$ cat input-v2.txt   # compact mmCIF, C-alpha atoms and all ligand atoms
# COMPACT_ATOMS: atom_id res chain seq x y z
CA MET A 23 -29.82 3.58 -23.25
CA VAL A 24 -26.69 1.58 -24.04
CA LYS A 25 -27.25 -2.08 -24.83
CA ILE A 26 -25.38 -4.21 -22.30
CA GLY A 27 -23.73 -7.46 -23.48
CA LYS A 28 -22.68 -10.55 -21.56
CA ARG A 29 -18.89 -10.37 -21.76
CA PHE A 30 -18.31 -11.65 -18.22
CA GLU A 31 -20.43 -14.81 -18.25
CA GLY A 32 -18.63 -17.40 -16.05
CA LYS A 33 -16.13 -14.83 -14.76
CA VAL A 34 -15.41 -13.80 -11.18
CA ALA A 35 -14.72 -10.13 -10.50
CA ILE A 36 -13.55 -8.38 -7.34
CA VAL A 37 -14.14 -4.62 -7.09
CA THR A 38 -12.71 -2.82 -4.05
CA ALA A 39 -14.47 0.16 -2.45
CA SER A 40 -17.63 -0.79 -4.28
CA THR A 41 -20.62 -0.10 -2.08
CA GLN A 42 -21.34 3.27 -3.70
CA GLY A 43 -20.12 5.64 -6.38
CA ILE A 44 -17.84 4.54 -9.18
CA GLY A 45 -16.95 1.18 -7.59
CA PHE A 46 -20.62 0.29 -7.20
CA GLY A 47 -21.28 1.32 -10.80
CA ILE A 48 -18.45 -0.91 -11.99
CA ALA A 49 -19.67 -3.87 -9.92
CA GLU A 50 -23.18 -3.38 -11.31
CA ARG A 51 -21.97 -3.24 -14.91
CA LEU A 52 -19.76 -6.34 -14.57
CA GLY A 53 -22.61 -8.15 -12.83
CA LEU A 54 -25.19 -7.19 -15.45
CA GLU A 55 -22.74 -8.55 -18.03
CA GLY A 56 -22.77 -11.91 -16.30
CA ALA A 57 -19.91 -11.78 -13.78
CA SER A 58 -20.15 -13.08 -10.25
CA VAL A 59 -19.09 -9.94 -8.42
CA VAL A 60 -17.45 -9.58 -5.03
CA ILE A 61 -18.07 -6.16 -3.55
CA SER A 62 -16.48 -4.68 -0.47
CA SER A 63 -15.96 -1.57 1.62
CA ARG A 64 -15.18 -0.62 5.22
CA LYS A 65 -18.68 -0.79 6.69
CA GLN A 66 -20.82 -3.92 6.97
CA VAL A 67 -24.05 -1.92 6.74
CA ASN A 68 -22.95 -0.42 3.41
CA VAL A 69 -21.88 -3.83 2.12
CA ASP A 70 -25.26 -5.34 3.07
CA GLU A 71 -27.19 -2.51 1.42
CA ALA A 72 -25.19 -2.69 -1.79
CA VAL A 73 -25.53 -6.49 -1.95
CA GLU A 74 -29.31 -6.14 -1.72
CA LYS A 75 -29.40 -3.51 -4.48
CA LEU A 76 -27.33 -5.67 -6.83
CA LYS A 77 -29.29 -8.84 -6.02
CA ALA A 78 -32.48 -6.96 -6.86
CA LYS A 79 -31.06 -6.52 -10.38
CA GLY A 80 -30.51 -10.26 -10.69
CA ILE A 81 -26.74 -10.05 -10.17
CA GLU A 82 -24.77 -12.88 -8.53
CA VAL A 83 -23.02 -10.95 -5.77
CA TYR A 84 -21.05 -11.63 -2.61
CA GLY A 85 -20.24 -8.87 -0.10
CA ILE A 86 -17.25 -8.80 2.23
CA VAL A 87 -16.02 -6.07 4.57
CA CYS A 88 -12.56 -4.95 3.47
CA HIS A 89 -10.79 -1.79 4.51
CA VAL A 90 -8.06 -1.88 1.89
CA SER A 91 -5.32 -0.92 4.31
CA ASN A 92 -6.16 -3.80 6.70
CA ALA A 93 -3.96 -6.83 5.93
CA GLN A 94 -6.29 -9.36 7.56
CA GLN A 95 -9.31 -8.00 5.68
CA ARG A 96 -7.44 -8.05 2.35
CA LYS A 97 -6.46 -11.68 2.96
CA ASN A 98 -10.04 -12.51 3.91
CA LEU A 99 -11.38 -10.81 0.75
CA ILE A 100 -9.25 -12.99 -1.49
CA GLU A 101 -9.65 -16.21 0.52
CA LYS A 102 -13.45 -15.93 0.76
CA THR A 103 -13.72 -15.13 -2.94
CA VAL A 104 -11.71 -18.20 -3.87
CA GLN A 105 -13.61 -20.40 -1.38
CA LYS A 106 -16.94 -19.27 -2.87
CA TYR A 107 -16.17 -19.02 -6.57
CA GLY A 108 -12.92 -21.01 -6.98
CA LYS A 109 -10.98 -18.41 -9.01
CA ILE A 110 -10.48 -14.74 -9.85
CA ASP A 111 -10.72 -13.33 -13.39
CA VAL A 112 -10.99 -9.58 -12.83
CA ILE A 113 -9.78 -7.23 -10.10
CA VAL A 114 -10.72 -3.57 -10.08
CA SER A 115 -8.73 -1.59 -7.53
CA ASN A 116 -10.84 1.45 -6.85
CA ALA A 117 -10.24 2.61 -3.26
CA ALA A 118 -8.79 6.04 -2.59
CA ALA A 119 -8.61 8.68 0.10
CA ASN A 120 -8.20 12.42 -0.19
CA PRO A 121 -7.94 13.44 3.45
CA SER A 122 -6.63 17.00 3.15
CA ALA A 123 -6.74 20.08 0.95
CA ASP A 124 -3.32 21.29 2.16
CA THR A 125 -0.51 22.16 -0.19
CA ILE A 126 2.09 19.43 -0.54
CA LEU A 127 4.64 21.31 1.54
CA GLU A 128 2.10 21.70 4.34
CA THR A 129 0.77 18.14 4.30
CA LYS A 130 1.42 16.30 7.57
CA GLU A 131 3.53 13.16 7.44
CA THR A 132 0.63 11.04 8.76
CA VAL A 133 -1.51 12.27 5.85
CA LEU A 134 1.27 11.57 3.34
CA ASP A 135 1.47 8.04 4.74
CA LYS A 136 -2.29 7.55 4.50
CA LEU A 137 -2.39 8.77 0.89
CA TRP A 138 0.39 6.39 -0.12
CA GLU A 139 -1.10 3.51 1.87
CA ILE A 140 -4.66 3.68 0.57
CA ASN A 141 -4.17 5.10 -2.91
CA VAL A 142 -1.11 3.10 -4.00
CA LYS A 143 0.20 0.48 -1.57
CA SER A 144 -3.14 -1.26 -0.97
CA SER A 145 -3.52 -1.96 -4.70
CA ILE A 146 -0.12 -3.63 -4.72
CA LEU A 147 -0.82 -5.69 -1.60
CA ILE A 148 -4.22 -6.87 -2.85
CA LEU A 149 -2.62 -8.00 -6.10
CA GLN A 150 0.16 -9.79 -4.20
CA GLU A 151 -2.53 -11.67 -2.30
CA ALA A 152 -4.64 -12.38 -5.39
CA SER A 153 -2.02 -13.21 -7.99
CA PRO A 154 -1.76 -16.97 -7.23
CA HIS A 155 -5.50 -17.22 -7.99
CA LEU A 156 -5.60 -15.15 -11.17
CA GLN A 157 -6.61 -17.12 -14.22
CA ALA A 158 -4.92 -17.10 -17.63
CA GLY A 159 -6.58 -14.25 -19.54
CA SER A 160 -7.33 -12.36 -16.33
CA SER A 161 -7.42 -8.62 -16.08
CA VAL A 162 -6.66 -5.89 -13.55
CA VAL A 163 -7.98 -2.34 -13.76
CA LEU A 164 -6.63 0.39 -11.48
CA ILE A 165 -8.71 3.53 -10.94
CA SER A 166 -6.54 6.63 -11.19
CA SER A 167 -7.84 10.17 -11.87
CA ILE A 168 -7.56 13.08 -14.25
CA ALA A 169 -5.77 14.67 -11.27
CA GLY A 170 -2.93 12.23 -11.94
CA TYR A 171 -2.12 14.29 -15.07
CA GLN A 172 -2.88 17.73 -13.68
CA PRO A 173 -2.49 17.73 -9.89
CA GLN A 174 -4.48 20.79 -8.79
CA ALA A 175 -3.62 22.90 -5.77
CA SER A 176 -6.40 21.69 -3.49
CA MET A 177 -5.70 18.03 -4.21
CA ALA A 178 -2.08 18.07 -5.29
CA MET A 179 -0.71 15.18 -3.24
CA TYR A 180 -3.78 13.07 -3.97
CA GLY A 181 -3.05 13.79 -7.64
CA VAL A 182 0.54 12.66 -7.24
CA THR A 183 -0.59 9.31 -5.80
CA LYS A 184 -2.84 8.97 -8.86
CA THR A 185 0.18 9.75 -11.10
CA ALA A 186 1.94 6.86 -9.35
CA LEU A 187 -0.86 4.54 -10.50
CA LEU A 188 -0.07 5.38 -14.14
CA GLY A 189 3.47 4.10 -13.55
CA LEU A 190 2.23 1.16 -11.51
CA THR A 191 0.00 0.18 -14.44
CA LYS A 192 3.00 0.06 -16.79
CA ALA A 193 5.22 -1.80 -14.32
CA LEU A 194 2.60 -4.40 -13.36
CA ALA A 195 1.58 -4.92 -16.97
CA ALA A 196 5.16 -5.98 -17.72
CA GLU A 197 5.41 -8.11 -14.60
CA MET A 198 2.06 -9.88 -14.94
CA ALA A 199 2.14 -10.50 -18.72
CA PRO A 200 1.21 -12.62 -20.55
CA LYS A 201 -1.19 -14.22 -18.06
CA THR A 202 -2.82 -11.03 -16.78
CA ARG A 203 -3.45 -7.67 -18.47
CA VAL A 204 -3.16 -4.54 -16.33
CA ASN A 205 -4.82 -1.28 -17.37
CA CYS A 206 -6.06 1.88 -15.77
CA VAL A 207 -9.01 4.26 -15.98
CA ALA A 208 -8.51 7.95 -15.17
CA PRO A 209 -11.94 9.42 -14.44
CA GLY A 210 -12.76 13.07 -14.84
CA PHE A 211 -15.21 14.71 -12.46
CA VAL A 212 -18.10 12.53 -11.32
CA PRO A 213 -20.57 13.87 -8.73
CA THR A 214 -20.19 11.16 -6.06
CA HIS A 215 -19.90 11.45 -2.28
CA PHE A 216 -16.09 11.57 -2.72
CA ALA A 217 -16.40 14.56 -5.04
CA SER A 218 -19.20 16.34 -3.17
CA PHE A 219 -17.34 19.64 -3.70
CA ILE A 220 -18.69 19.52 -7.27
CA THR A 221 -22.34 19.44 -6.31
CA SER A 222 -22.10 21.55 -3.16
CA ASN A 223 -20.79 24.58 -5.08
CA ALA A 224 -22.55 25.74 -8.26
CA ASP A 225 -19.57 27.90 -9.33
CA ILE A 226 -17.14 24.99 -9.10
CA ARG A 227 -19.55 22.80 -11.01
CA SER A 228 -20.01 25.26 -13.86
CA ASP A 229 -16.26 25.94 -13.96
CA ILE A 230 -15.61 22.20 -14.40
CA GLU A 231 -18.36 21.86 -17.01
CA GLY A 232 -16.88 24.85 -18.84
CA LYS A 233 -13.45 23.17 -18.98
CA THR A 234 -14.97 19.90 -20.21
CA LEU A 235 -15.26 19.68 -24.03
CA LEU A 236 -18.44 17.62 -23.72
CA ARG A 237 -19.90 20.23 -21.32
CA ARG A 238 -21.11 17.86 -18.64
CA LEU A 239 -19.90 15.96 -15.59
CA GLY A 240 -19.05 12.29 -15.86
CA THR A 241 -21.36 9.56 -14.58
CA VAL A 242 -20.54 6.34 -12.78
CA GLU A 243 -21.93 4.56 -15.84
CA ASP A 244 -19.30 6.31 -18.04
CA MET A 245 -16.56 4.99 -15.73
CA ALA A 246 -18.11 1.54 -15.54
CA ALA A 247 -18.33 1.25 -19.32
CA ALA A 248 -14.63 2.04 -19.80
CA THR A 249 -13.60 -0.27 -16.97
CA ALA A 250 -15.72 -3.11 -18.31
CA PHE A 251 -14.19 -2.66 -21.76
CA LEU A 252 -10.63 -2.85 -20.40
CA ALA A 253 -11.48 -5.83 -18.19
CA SER A 254 -13.17 -7.70 -21.04
CA ASP A 255 -11.81 -9.77 -23.90
CA ASP A 256 -12.69 -6.85 -26.21
CA ALA A 257 -9.44 -5.38 -24.85
CA SER A 258 -7.49 -8.63 -25.11
CA PHE A 259 -4.55 -6.93 -26.90
CA ILE A 260 -4.42 -3.92 -24.58
CA THR A 261 -2.18 -3.84 -21.52
CA GLY A 262 -0.24 -1.18 -19.64
CA GLU A 263 -2.59 1.57 -20.86
CA THR A 264 -4.62 4.27 -19.18
CA VAL A 265 -7.94 5.39 -20.63
CA VAL A 266 -8.88 8.93 -19.66
CA VAL A 267 -12.68 9.18 -19.26
CA ALA A 268 -13.06 12.88 -18.66
CA GLY A 269 -15.14 14.39 -21.46
CA GLY A 270 -12.13 16.08 -23.00
CA ILE A 271 -10.62 17.84 -19.97
CA PRO A 272 -6.92 18.38 -20.80
CA SER A 273 -4.82 15.36 -19.84
CA ARG A 274 -1.97 14.45 -22.22
CA LEU A 275 -1.17 14.18 -25.91
P1 LIG O 1 -17.42 7.41 -3.35
O1 LIG O 1 -18.65 7.57 -4.14
O2 LIG O 1 -17.23 8.29 -2.17
O3 LIG O 1 -17.34 5.88 -2.89
C1 LIG O 1 -16.30 5.45 -2.12
C2 LIG O 1 -16.50 3.95 -1.80
O4 LIG O 1 -15.29 3.49 -1.25
C3 LIG O 1 -17.57 3.66 -0.81
O5 LIG O 1 -18.19 2.44 -1.16
C4 LIG O 1 -16.81 3.51 0.51
O6 LIG O 1 -17.57 2.69 1.39
C5 LIG O 1 -15.53 2.88 0.01
N1 LIG O 1 -14.29 3.14 0.75
C6 LIG O 1 -13.80 4.32 1.16
N2 LIG O 1 -12.62 4.15 1.76
C7 LIG O 1 -12.33 2.83 1.72
C8 LIG O 1 -11.25 2.03 2.17
N3 LIG O 1 -10.22 2.56 2.82
N4 LIG O 1 -11.29 0.70 1.95
C9 LIG O 1 -12.34 0.15 1.32
N5 LIG O 1 -13.40 0.83 0.88
C10 LIG O 1 -13.39 2.17 1.08
O7 LIG O 1 -16.09 7.61 -4.23
P2 LIG O 1 -15.91 7.64 -5.84
O8 LIG O 1 -15.99 9.03 -6.30
O9 LIG O 1 -16.74 6.60 -6.47
O10 LIG O 1 -14.35 7.24 -5.96
C11 LIG O 1 -13.93 5.97 -6.38
C12 LIG O 1 -12.58 6.09 -7.06
O11 LIG O 1 -12.67 6.96 -8.18
C13 LIG O 1 -11.45 6.61 -6.20
O12 LIG O 1 -10.26 5.91 -6.49
C14 LIG O 1 -11.29 8.06 -6.66
O13 LIG O 1 -9.98 8.55 -6.46
C15 LIG O 1 -11.61 7.89 -8.13
N6 LIG O 1 -11.98 9.13 -8.80
C16 LIG O 1 -13.16 9.74 -8.50
C17 LIG O 1 -13.48 10.92 -9.17
C18 LIG O 1 -14.77 11.65 -8.93
O14 LIG O 1 -14.91 12.77 -9.47
N7 LIG O 1 -15.69 11.10 -8.18
C19 LIG O 1 -12.59 11.47 -10.11
C20 LIG O 1 -11.40 10.81 -10.37
C21 LIG O 1 -11.11 9.64 -9.71
P3 LIG O 1 -17.32 2.67 3.01
O15 LIG O 1 -17.55 4.04 3.51
O16 LIG O 1 -18.30 1.65 3.54
O17 LIG O 1 -15.90 2.20 3.17
$ encode --input "input-v2.txt" --output "structure tokens" --more "lines below"
Ligand code: NAP
Amino acid sequence: MVKIGKRFEGKVAIVTASTQGIGFGIAERLGLEGASVVISSRKQVNVDEAVEKLKAKGIEVYGIVCHVSNAQQRKNLIEKTVQKYGKIDVIVSNAAANPSADTILETKETVLDKLWEINVKSSILILQEASPHLQAGSSVVLISSIAGYQPQASMAMYGVTKTALLGLTKALAAEMAPKTRVNCVAPGFVPTHFASFITSNADIRSDIEGKTLLRRLGTVEDMAAATAFLASDDASFITGETVVVAGGIPSRL
């Protein structure tokens, strides 16, 4: 068991799409390290459930419904956070959709729009809304994917939107420096609801494990640890970077 520190004492962290999976794991880790965490997702019932789970671990948590492509709900997320906690130190932009397994040339325009809107544009719009409230020394972490380096056939366009986040990380890091650092985590395969294809098919799972140098799937805790590092002052001289957390699956040099 990894020993958890208290790097976020007195800090306020917003994590989008955080009522289960990787986002929930990140919210839990930041909260256990002392942050007041604001969690959100599309469904009130999921928000309420996640708030209860985090409270049961002694975490200071506030839950707000926010579908990331809804302008009013994004505004509300930021406004309510500032009303309750007075500031924002950390934003983790974690929402994504992967609505189709079509090839890029067969992907419908409505699906292309949705992929761009949820996977890329919403991160930008949330940061536009939040930036007046970001403190000196604040930190943004975008959640990309290993698919951003190697877009695979069944999720090629999703992968391309995740490639865009690598560029967005660089561009925002330049724009938001020196007040705010902007980094990115590119997860490998983690058996969440989003990636249920991994657990529903034993052949796919063992194929992925075989391609992974560390011979296992990732966990939400692996992703949370890397995100917490980048968001923390331990990474205070790191900005514009992407950390691949994929057990050694090929990504880049
Ligand atoms: P997950 O377990 O399915 O969780 C998704 C969460 O997002 C839920 O809390 C869901 O709650 C919320 N959500 C979905 N759509 C939303 C929207 N439009 N607005 C706000 N909240 C929304 O997914 P995950 O695997 O943790 O994925 C999280 C991130 O990791 C994504 O960016 C994904 O691309 C990335 N990633 C995952 C993997 C993997 O193998 N799992 C690999 C690489 C990258 P509601 O249903 O209540 O909205």
$ closest_atom_pairs --input "input-v2.txt" --of "chain A" --to "ligand LIG 1 (chain O)" --cutoff "6 Å" --atoms "all atoms listed in the file" --output "JSON lines"
{"residue": "A:Ala39", "atom": "CA", "partner": "O:LIG1", "partner_atom": "N5", "distance": 3.6}
{"residue": "A:Ser40", "atom": "CA", "partner": "O:LIG1", "partner_atom": "O5", "distance": 4.5}
{"residue": "A:Thr41", "atom": "CA", "partner": "O:LIG1", "partner_atom": "O5", "distance": 3.6}
{"residue": "A:Gln42", "atom": "CA", "partner": "O:LIG1", "partner_atom": "O5", "distance": 4.1}
{"residue": "A:Gly43", "atom": "CA", "partner": "O:LIG1", "partner_atom": "O1", "distance": 3.3}
{"residue": "A:Ile44", "atom": "CA", "partner": "O:LIG1", "partner_atom": "O9", "distance": 3.6}
{"residue": "A:Gly45", "atom": "CA", "partner": "O:LIG1", "partner_atom": "O9", "distance": 5.5}
{"residue": "A:Ser63", "atom": "CA", "partner": "O:LIG1", "partner_atom": "N5", "distance": 3.6}
{"residue": "A:Arg64", "atom": "CA", "partner": "O:LIG1", "partner_atom": "O17", "distance": 3.6}
{"residue": "A:Lys65", "atom": "CA", "partner": "O:LIG1", "partner_atom": "O16", "distance": 4.0}
{"residue": "A:Asn68", "atom": "CA", "partner": "O:LIG1", "partner_atom": "O16", "distance": 5.1}
{"residue": "A:Cys88", "atom": "CA", "partner": "O:LIG1", "partner_atom": "C9", "distance": 5.5}
{"residue": "A:His89", "atom": "CA", "partner": "O:LIG1", "partner_atom": "N4", "distance": 3.6}
{"residue": "A:Val90", "atom": "CA", "partner": "O:LIG1", "partner_atom": "N4", "distance": 4.1}
{"residue": "A:Asn116", "atom": "CA", "partner": "O:LIG1", "partner_atom": "O12", "distance": 4.5}
{"residue": "A:Ala117", "atom": "CA", "partner": "O:LIG1", "partner_atom": "O12", "distance": 4.6}
{"residue": "A:Ala118", "atom": "CA", "partner": "O:LIG1", "partner_atom": "O12", "distance": 4.2}
{"residue": "A:Ile165", "atom": "CA", "partner": "O:LIG1", "partner_atom": "O12", "distance": 5.3}
{"residue": "A:Ser166", "atom": "CA", "partner": "O:LIG1", "partner_atom": "C21", "distance": 5.7}
{"residue": "A:Ser167", "atom": "CA", "partner": "O:LIG1", "partner_atom": "C20", "distance": 3.9}
{"residue": "A:Ile168", "atom": "CA", "partner": "O:LIG1", "partner_atom": "C20", "distance": 5.9}
{"residue": "A:Pro209", "atom": "CA", "partner": "O:LIG1", "partner_atom": "C20", "distance": 4.3}
{"residue": "A:Gly210", "atom": "CA", "partner": "O:LIG1", "partner_atom": "C19", "distance": 5.0}
{"residue": "A:Phe211", "atom": "CA", "partner": "O:LIG1", "partner_atom": "O14", "distance": 3.6}
{"residue": "A:Val212", "atom": "CA", "partner": "O:LIG1", "partner_atom": "O14", "distance": 3.7}
{"residue": "A:Pro213", "atom": "CA", "partner": "O:LIG1", "partner_atom": "N7", "distance": 5.6}
{"residue": "A:Thr214", "atom": "CA", "partner": "O:LIG1", "partner_atom": "O1", "distance": 4.4}
{"residue": "A:His215", "atom": "CA", "partner": "O:LIG1", "partner_atom": "O2", "distance": 4.1}
{"residue": "A:Phe216", "atom": "CA", "partner": "O:LIG1", "partner_atom": "O2", "distance": 3.5}
{"residue": "A:Ala217", "atom": "CA", "partner": "O:LIG1", "partner_atom": "N7", "distance": 4.7}
$ closest_residue --input "input-v2.txt" --among "A:Ala268, A:Thr132, A:Ser218, A:Leu137" --to "Arg237 (chain A)" --atoms "all atoms listed in the file"
A:Ala268
$ closest_residue --input "input-v2.txt" --among "A:Pro200, A:Gly232, A:Gly262, A:Gly181" --to "Leu164 (chain A)" --atoms "only C-alpha atoms"
A:Gly262
$ closest_residue --input "input-v2.txt" --among "A:Asp111, A:Glu243, A:Glu82, A:Glu131" --to "Val163 (chain A)" --atoms "all atoms listed in the file"
A:Asp111
$ closest_residue --input "input-v2.txt" --among "A:Leu275, A:Val104, A:Met177, A:Ala246" --to "Ala49 (chain A)" --atoms "all atoms listed in the file"
A:Ala246
$ closest_residue --input "input-v2.txt" --among "A:Lys192, A:Lys28, A:Lys130, A:Lys184" --to "Asp256 (chain A)" --atoms "all atoms listed in the file"
A:Lys28
$ residues_near_point --input "input-v2.txt" --point "(-16.5, -2.9, -15.7)" --cutoff "9 Å" --atoms "all atoms listed in the file" --output "JSON, numbers by chain"
{"A": [47, 48, 49, 50, 51, 52, 53, 55, 114, 163, 245, 246, 247, 248, 249, 250, 251, 252, 253, 254]}
$ atom_distance --input "input-v2.txt" --atom1 "CA of Lys79 (chain A)" --atom2 "CA of Ser161 (chain A)"
24.4 Å
$ axis_aligned_box --input "input-v2.txt" --around "region 24-33 of chain A" --padding-each-side "4 Å" --output "JSON"
{"center_x": -21.7, "center_y": -7.9, "center_z": -19.8, "size_x": 19.1, "size_y": 27.0, "size_z": 18.1}
